[in-house]
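Below is final-v3.cif, holding mmCIF, C-alpha atoms.
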```cif
data_my_file
#
loop_
_atom_site.label_atom_id
_atom_site.label_comp_id
_atom_site.auth_asym_id
_atom_site.auth_seq_id
_atom_site.Cartn_x
_atom_site.Cartn_y
_atom_site.Cartn_z
CA MET A 1 84.49 94.01 114.53
CA ARG A 2 80.77 94.35 114.98
CA LEU A 3 78.24 93.44 112.38
CA ARG A 4 76.04 96.42 111.69
CA ALA A 5 72.64 96.33 110.08
CA GLY A 6 72.62 97.10 106.38
CA ARG A 7 76.23 96.23 105.97
CA THR A 8 77.64 93.10 104.49
CA TRP A 9 80.27 91.28 106.46
CA ASN A 10 83.62 91.92 104.88
CA ASN A 11 86.47 90.14 106.56
CA ASN A 12 89.08 92.03 104.60
CA MET A 13 88.21 95.42 106.00
CA SER A 14 89.95 97.12 108.87
CA GLU A 15 88.22 99.89 110.75
CA LEU A 16 88.97 103.55 111.24
CA ILE A 17 90.27 103.03 114.76
CA ASP A 18 93.04 100.69 113.55
CA PHE A 19 94.50 103.36 111.30
CA LEU A 20 94.19 105.98 114.03
CA ILE A 21 96.06 103.76 116.48
CA VAL A 22 98.90 103.25 113.99
CA SER A 23 98.96 107.02 113.55
CA VAL A 24 99.21 107.57 117.32
CA VAL A 25 102.04 105.05 117.56
CA LEU A 26 103.93 106.87 114.79
CA VAL A 27 103.41 110.24 116.49
CA ALA A 28 104.73 108.82 119.77
CA ILE A 29 107.81 107.40 118.03
CA GLY A 30 108.41 110.78 116.38
CA ILE A 31 108.13 112.65 119.68
CA TYR A 32 110.54 110.16 121.26
CA GLY A 33 113.02 110.85 118.49
CA LEU A 34 112.66 114.62 118.85
CA VAL A 35 113.19 114.44 122.61
CA VAL A 36 116.06 111.96 122.77
CA LYS A 37 118.11 112.33 119.60
CA ARG A 38 120.73 115.05 119.29
CA ASN A 39 121.64 114.35 115.68
CA ALA A 40 120.01 117.01 113.49
CA ILE A 41 119.30 114.61 110.62
CA ARG A 42 117.59 112.16 112.97
CA MET A 43 115.43 114.98 114.32
CA LEU A 44 114.42 115.68 110.72
CA PHE A 45 113.50 111.97 110.41
CA SER A 46 111.28 112.35 113.48
CA ILE A 47 109.51 115.37 111.98
CA GLU A 48 108.90 113.39 108.80
CA ILE A 49 107.42 110.49 110.78
CA ILE A 50 105.04 112.86 112.61
CA ALA A 51 103.99 114.53 109.34
CA ASN A 52 103.25 111.13 107.82
CA ALA A 53 101.14 110.14 110.81
CA ALA A 54 99.10 113.32 110.27
CA ASN A 55 98.64 112.45 106.59
CA LEU A 56 97.50 108.96 107.54
CA THR A 57 94.87 110.41 109.89
CA LEU A 58 93.62 112.79 107.19
CA VAL A 59 93.23 110.03 104.62
CA ALA A 60 91.63 107.65 107.14
CA PHE A 61 88.96 110.20 108.03
CA SER A 62 88.53 111.01 104.35
CA ARG A 63 87.73 107.33 103.81
CA GLY A 64 85.42 107.13 106.80
CA LEU A 65 83.30 110.21 106.23
CA PRO A 66 83.50 109.84 103.08
CA ASN A 67 84.82 113.14 101.85
CA ALA A 68 87.39 114.11 99.21
CA GLN A 69 88.70 117.09 101.16
CA GLY A 70 90.78 114.92 103.47
CA GLN A 71 92.72 113.52 100.51
CA THR A 72 93.13 117.01 99.08
CA PHE A 73 94.59 118.21 102.37
CA ALA A 74 96.90 115.19 102.46
CA LEU A 75 98.19 116.07 98.99
CA PHE A 76 98.87 119.66 100.08
CA SER A 77 100.56 118.41 103.23
CA ILE A 78 102.86 116.05 101.31
CA ALA A 79 103.93 118.87 98.99
CA ILE A 80 104.63 121.25 101.87
CA ALA A 81 106.60 118.55 103.68
CA ALA A 82 108.83 118.19 100.62
CA ALA A 83 109.60 121.92 100.74
CA GLU A 84 110.28 121.67 104.46
CA VAL A 85 112.77 118.85 103.94
CA ALA A 86 114.62 120.86 101.30
CA VAL A 87 115.01 123.84 103.63
CA GLY A 88 115.83 121.65 106.63
CA LEU A 89 118.61 119.82 104.82
CA GLY A 90 119.98 123.15 103.55
CA LEU A 91 120.09 124.40 107.15
CA ILE A 92 121.82 121.22 108.29
CA ILE A 93 124.48 121.58 105.58
CA VAL A 94 125.09 125.21 106.56
CA ALA A 95 125.34 124.25 110.23
CA TYR A 96 127.73 121.43 109.37
CA ARG A 97 129.90 123.84 107.42
CA LEU A 98 130.01 126.25 110.35
CA TYR A 99 130.51 123.79 113.21
CA LYS A 100 131.84 120.61 111.53
CA GLU A 101 129.23 118.82 113.60
CA ILE A 102 125.54 117.95 113.27
CA ASP A 103 124.91 117.53 116.98
CA VAL A 104 122.27 120.12 117.88
CA ALA A 105 123.78 120.63 121.35
CA GLU A 106 126.90 122.01 119.66
CA PHE A 107 125.09 124.74 117.74
CA ARG A 108 125.74 127.60 120.12
CA SER A 109 126.10 130.82 118.18
CA LEU A 110 122.82 132.23 119.58
CA ARG A 111 123.74 131.14 123.10
CA SER A 112 126.15 133.15 125.16
CA MET B 113 90.53 92.43 114.53
CA ALA B 114 92.03 93.76 111.41
CA ASP B 115 93.00 91.75 108.40
CA PRO B 116 96.51 90.24 107.99
CA ILE B 117 97.57 92.66 105.25
CA PHE B 118 96.84 95.59 107.53
CA ILE B 119 98.84 94.03 110.35
CA ALA B 120 101.77 93.30 108.04
CA VAL B 121 101.84 96.88 106.74
CA ALA B 122 101.52 98.26 110.27
CA VAL B 123 104.44 96.17 111.52
CA LEU B 124 106.52 97.22 108.50
CA THR B 125 105.76 100.92 108.99
CA VAL B 126 106.26 101.09 112.74
CA GLY B 127 109.31 98.81 112.73
CA ALA B 128 110.97 100.78 109.94
CA ALA B 129 110.25 104.03 111.80
CA ILE B 130 111.93 102.66 114.93
CA ILE B 131 114.90 101.40 112.89
CA ALA B 132 115.17 104.82 111.22
CA LEU B 133 115.70 106.42 114.61
CA GLU B 134 117.79 103.69 116.22
CA ALA B 135 120.05 102.38 113.44
CA ARG B 136 123.70 102.94 114.25
CA GLU B 137 124.58 104.19 110.80
CA LEU B 138 122.61 107.13 109.52
CA ILE B 139 122.52 105.85 105.95
CA TYR B 140 120.65 102.71 107.07
CA GLY B 141 118.33 105.01 109.00
CA ALA B 142 117.60 106.95 105.82
CA VAL B 143 116.78 103.72 103.94
CA ALA B 144 114.56 102.58 106.81
CA LEU B 145 112.75 105.94 106.71
CA ALA B 146 112.09 105.40 102.99
CA ILE B 147 110.66 101.94 103.79
CA SER B 148 108.45 103.48 106.47
CA MET B 149 107.12 106.01 103.94
CA LEU B 150 106.45 103.10 101.58
CA GLY B 151 104.41 101.49 104.35
CA ILE B 152 102.38 104.69 104.73
CA ALA B 153 101.73 104.53 100.98
CA GLY B 154 100.51 100.97 101.54
CA PHE B 155 98.08 102.29 104.14
CA PHE B 156 96.80 104.81 101.60
CA LEU B 157 96.20 101.95 99.17
CA LEU B 158 94.30 100.06 101.87
CA LEU B 159 92.21 103.19 102.41
CA ASP B 160 91.21 103.29 98.73
CA ALA B 161 93.28 106.38 98.03
CA PRO B 162 95.60 105.24 95.21
CA PHE B 163 96.23 108.78 93.97
CA VAL B 164 97.57 109.92 97.35
CA ALA B 165 99.59 106.71 97.57
CA MET B 166 101.27 107.39 94.21
CA PHE B 167 101.94 110.98 95.27
CA GLN B 168 103.44 109.72 98.53
CA ILE B 169 105.74 107.29 96.72
CA ALA B 170 106.80 109.90 94.17
CA VAL B 171 107.50 112.64 96.72
CA TYR B 172 108.72 110.77 99.79
CA VAL B 173 110.37 107.63 98.48
CA GLY B 174 111.49 109.27 95.28
CA ALA B 175 112.56 112.77 96.24
CA VAL B 176 112.87 113.16 99.99
CA ALA B 177 114.70 109.88 100.63
CA VAL B 178 117.24 110.59 97.88
CA LEU B 179 117.76 114.12 99.22
CA ILE B 180 118.37 112.79 102.72
CA ILE B 181 120.77 110.11 101.47
CA PHE B 182 122.77 112.71 99.56
CA THR B 183 122.96 114.92 102.64
CA VAL B 184 124.14 111.98 104.74
CA MET B 185 126.85 111.37 102.15
CA LEU B 186 127.91 115.03 102.18
CA VAL B 187 128.27 115.14 105.94
CA ARG B 188 131.54 113.61 107.13
CA THR B 189 131.07 110.14 108.56
CA GLN B 190 133.00 110.89 111.72
CA ALA B 191 130.33 113.33 112.81
CA LEU B 192 127.67 110.72 112.26
CA PHE B 193 129.09 107.98 114.42
CA THR B 194 129.46 109.86 117.66
CA THR B 195 126.19 109.37 119.48
CA LYS B 196 126.15 111.27 122.73
CA GLU B 197 122.90 110.48 124.46
CA ASP B 198 122.73 109.83 128.13
CA LYS B 199 120.84 106.79 129.34
CA LYS B 200 118.58 108.73 131.69
CA ARG B 201 117.31 110.94 128.88
CA LYS B 202 116.69 107.93 126.68
CA SER B 203 114.67 106.05 129.30
CA ALA B 204 112.68 109.21 130.01
CA GLY B 205 112.00 109.52 126.28
CA ILE B 206 110.80 105.93 126.08
CA ALA B 207 108.53 106.51 129.10
CA LEU B 208 107.09 109.63 127.43
CA MET B 209 106.48 107.65 124.23
CA LEU B 210 104.66 104.88 126.10
CA ILE B 211 102.55 107.42 128.03
CA ILE B 212 101.52 109.17 124.80
CA MET B 213 100.69 105.84 123.14
CA ALA B 214 98.65 104.56 126.08
CA SER B 215 96.74 107.76 126.79
CA PHE B 216 95.86 108.61 123.20
CA GLY B 217 95.10 104.99 122.42
CA ALA B 218 92.72 104.75 125.37
CA LEU B 219 91.15 108.07 124.36
CA LEU B 220 90.57 106.85 120.80
CA ILE B 221 89.14 103.51 121.86
CA ALA B 222 86.82 105.19 124.37
CA SER B 223 85.77 107.96 121.99
CA GLY B 224 83.34 105.92 119.94
CA LEU B 225 84.66 107.34 116.67
CA ASN B 226 84.26 103.94 115.09
CA GLY B 227 80.51 104.01 115.40
CA GLN B 228 80.20 107.52 114.01
CA PHE B 229 82.05 106.80 110.82
CA GLY B 230 80.25 103.64 109.97
CA ASN B 231 80.72 104.01 106.25
CA PHE B 232 84.14 102.44 106.53
CA GLY B 233 83.02 99.04 105.36
CA GLY B 234 81.03 100.42 102.45
CA SER B 235 82.18 100.90 98.91
CA PRO B 236 84.75 103.62 98.26
CA THR B 237 83.26 106.90 97.17
CA VAL B 238 86.12 109.32 96.65
CA ASN B 239 87.59 109.32 93.15
CA PHE B 240 90.24 111.34 91.33
CA LYS B 241 87.70 113.52 89.60
CA GLU B 242 86.44 114.85 92.88
CA ILE B 243 89.95 115.64 94.14
CA GLY B 244 90.86 117.36 90.89
CA LYS B 245 87.68 119.38 90.92
CA LEU B 246 88.26 120.48 94.52
CA MET B 247 91.86 121.43 93.80
CA LEU B 248 90.99 123.52 90.79
CA THR B 249 87.87 125.22 92.13
CA TYR B 250 87.56 125.73 95.85
CA TYR B 251 91.23 125.19 96.76
CA ALA B 252 92.68 126.91 93.67
CA PRO B 253 94.14 129.84 95.68
CA ALA B 254 95.68 127.39 98.12
CA LEU B 255 97.17 125.45 95.20
CA ILE B 256 98.74 128.62 93.76
CA ILE B 257 100.12 129.65 97.15
CA MET B 258 101.50 126.14 97.63
CA GLY B 259 103.29 126.34 94.29
CA LEU B 260 104.81 129.69 95.26
CA THR B 261 105.82 128.27 98.65
CA LEU B 262 107.54 125.33 96.99
CA ALA B 263 109.41 127.60 94.59
CA GLY B 264 110.40 129.90 97.44
CA ALA B 265 111.56 127.01 99.59
CA VAL B 266 113.70 125.52 96.82
CA ILE B 267 115.29 128.90 96.03
CA ALA B 268 115.87 129.46 99.75
CA ALA B 269 117.52 126.06 100.11
CA LEU B 270 119.81 126.84 97.17
CA ALA B 271 120.67 130.23 98.63
CA LEU B 272 121.38 128.67 102.03
CA ALA B 273 123.67 125.97 100.68
CA ARG B 274 125.64 128.34 98.42
CA ARG B 275 129.30 128.88 99.23
CA GLU B 276 130.29 132.45 98.61
CA ASP B 277 133.96 132.01 99.51
CA VAL B 278 134.46 129.28 96.91
CA GLU B 279 132.68 131.34 94.25
CA GLN B 280 134.86 134.35 94.98
CA GLN B 281 137.98 132.22 94.66
CA HIS B 282 136.78 131.01 91.27
CA GLU B 283 136.18 134.59 90.17
CA ARG B 284 139.69 135.57 91.26
CA ALA B 285 141.14 132.59 89.40
CA ASP B 286 139.42 133.72 86.25
#
```

Target format structure tokens, applied to this file:
Amino acid sequence: MRLRAGRTWNNNMSELIDFLIVSVVLVAIGIYGLVVKRNAIRMLFSIEIIANAANLTLVAFSRGLPNAQGQTFALFSIAIAAAEVAVGLGLIIVAYRLYKEIDVAEFRSLRS
Amino acid sequence: MADPIFIAVAVLTVGAAIIALEARELIYGAVALAISMLGIAGFFLLLDAPFVAMFQIAVYVGAVAVLIIFTVMLVRTQALFTTKEDKKRKSAGIALMLIIMASFGALLIASGLNGQFGNFGGSPTVNFKEIGKLMLTYYAPALIIMGLTLAGAVIAALALARREDVEQQHERAD
């Protein structure tokens, strides 16, 4: 942490880059889950983790700029993610009813 | 480096995210995902965005986690326990994760973003009034469309999960 002119030293403050690095780590974990896991519910978990990393980036830049639009976008994003989870879980329940299985490799009705 | 509270919240969030993907039982994974979302809300509090943090807790920890837990309960447990991942794929996935972390981390550290957004240590400037004003003036159409999207998504989820065969049987029984 550098001391900049015109800014009081505040030991309790983390910088923008710290939040961005946490966000990158979460995105990487989410991509790992999407690539490796075959359980549909776990893939939904991965999507949620990636969406949350995006929200964290938006709010971090909103704090750094400073600008209220980042927080507004984060609020929109959270609401849309809730809708996405509802539809995703509905799809998983339908797939479970059809195949008695939530392994995505077993969903083959579109494959020959 | 960063302050201890930040490090604690970061460890909680990342660790819970890993547990959510790696826990043997899916129900523990769902609880760990809720804890990870709680950690993200903690980050929002650290970033002086309490309104977004409350929204995050209400939507993710309150609604989404409960929805996921109910789905896990509806799906038969036998389907949940069989994990069929091959080791090669898993190690390749871990390598991909580490490559993404290292490359994007190096990119961020080298980018000099920290210097450009120097206001980070200053006093917080965004308050609720500003967010509310933005939502009701400039982003009002987006807000309306988002409400319609939410309604459409909920109705679509209900229509997807409906069982027509059971309903027809009930009608015949009547």

Could you please tell me, as JSON, numbers by chain, which residues of chain A have an atom within 6 Å of chain B when using all atoms listed in the file? {"A": [12, 14, 25, 28, 32, 36, 64, 65, 68, 83, 87, 90, 101]}

Residue contacts of A:Ala53 (7 Å, only C-alpha atoms) excluding same-chain residues fewer than 2 positions away, as a compact mmCIF listing (two decimals) with C-alpha atoms, keeping the file's coordinate frame:
```txt
# COMPACT_ATOMS: atom_id res chain seq x y z
CA SER A 23 98.96 107.02 113.55
CA LEU A 26 103.93 106.87 114.79
CA VAL A 27 103.41 110.24 116.49
CA ILE A 49 107.42 110.49 110.78
CA ILE A 50 105.04 112.86 112.61
CA ALA A 51 103.99 114.53 109.34
CA ASN A 55 98.64 112.45 106.59
CA LEU A 56 97.50 108.96 107.54
CA THR A 57 94.87 110.41 109.89
```

Could you list the residues chosen by the PyMOL selection byres ((chain A and resi 58) around 9) in this structure as a list of chain:residue names?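 Taken on the displayed file, the PyMOL selection byres ((chain A and resi 58) around 9) yields the residues A:Ala53, A:Ala54, A:Asn55, A:Leu56, A:Thr57, A:Val59, A:Ala60, A:Phe61, A:Ser62, A:Arg63, A:Gln69, A:Gly70, A:Gln71, A:Phe73, A:Ala74.
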
For A:Val104, the nearest of the candidates A:Asn39, A:Thr72, A:Asn67, A:Asn52, counting all atoms listed in the file: A:Asn39

Atom CA of A:Ser77 and atom CA of A:Ile47 are how many Å apart?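 If I compute the distance from atom CA of A:Ser77 to atom CA of A:Ile47, I get 12.9 Å.
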
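We find atom CA of A:Ala95 and atom CA of A:Phe76 to be spaced 28.7 Å apart.
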
Measure the distance from atom CA of A:Leu98 to atom CA of A:Glu84 in Å and round it to one decimal. 21.1 Å

Once the PyMOL selection byres ((chain A and resi 107) around 12) has been evaluated on this model, what residues remain selected, and can you format them as a VMD selection string? chain A and resid 38 to 40 91 to 92 94 to 106 108 to 112

Keeping only C-alpha atoms, take the residues you just selected and write them out as a PDB file, in the frame of the given file.
```
ATOM      1  CA  ARG A  38     120.730 115.050 119.290  1.00  0.00           C
ATOM      2  CA  ASN A  39     121.640 114.350 115.680  1.00  0.00           C
ATOM      3  CA  ALA A  40     120.010 117.010 113.490  1.00  0.00           C
ATOM      4  CA  LEU A  91     120.090 124.400 107.150  1.00  0.00           C
ATOM      5  CA  ILE A  92     121.820 121.220 108.290  1.00  0.00           C
ATOM      6  CA  VAL A  94     125.090 125.210 106.560  1.00  0.00           C
ATOM      7  CA  ALA A  95     125.340 124.250 110.230  1.00  0.00           C
ATOM      8  CA  TYR A  96     127.730 121.430 109.370  1.00  0.00           C
ATOM      9  CA  ARG A  97     129.900 123.840 107.420  1.00  0.00           C
ATOM     10  CA  LEU A  98     130.010 126.250 110.350  1.00  0.00           C
ATOM     11  CA  TYR A  99     130.510 123.790 113.210  1.00  0.00           C
ATOM     12  CA  LYS A 100     131.840 120.610 111.530  1.00  0.00           C
ATOM     13  CA  GLU A 101     129.230 118.820 113.600  1.00  0.00           C
ATOM     14  CA  ILE A 102     125.540 117.950 113.270  1.00  0.00           C
ATOM     15  CA  ASP A 103     124.910 117.530 116.980  1.00  0.00           C
ATOM     16  CA  VAL A 104     122.270 120.120 117.880  1.00  0.00           C
ATOM     17  CA  ALA A 105     123.780 120.630 121.350  1.00  0.00           C
ATOM     18  CA  GLU A 106     126.900 122.010 119.660  1.00  0.00           C
ATOM     19  CA  ARG A 108     125.740 127.600 120.120  1.00  0.00           C
ATOM     20  CA  SER A 109     126.100 130.820 118.180  1.00  0.00           C
ATOM     21  CA  LEU A 110     122.820 132.230 119.580  1.00  0.00           C
ATOM     22  CA  ARG A 111     123.740 131.140 123.100  1.00  0.00           C
ATOM     23  CA  SER A 112     126.150 133.150 125.160  1.00  0.00           C
TER      24      SER A 112
END
```

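With all atoms listed in the file as the atoms that count, the minimum distance from A:Ile21 to the choices B:Leu248, B:Leu219, B:Ala285, B:Ile131 is reached by B:Leu219.
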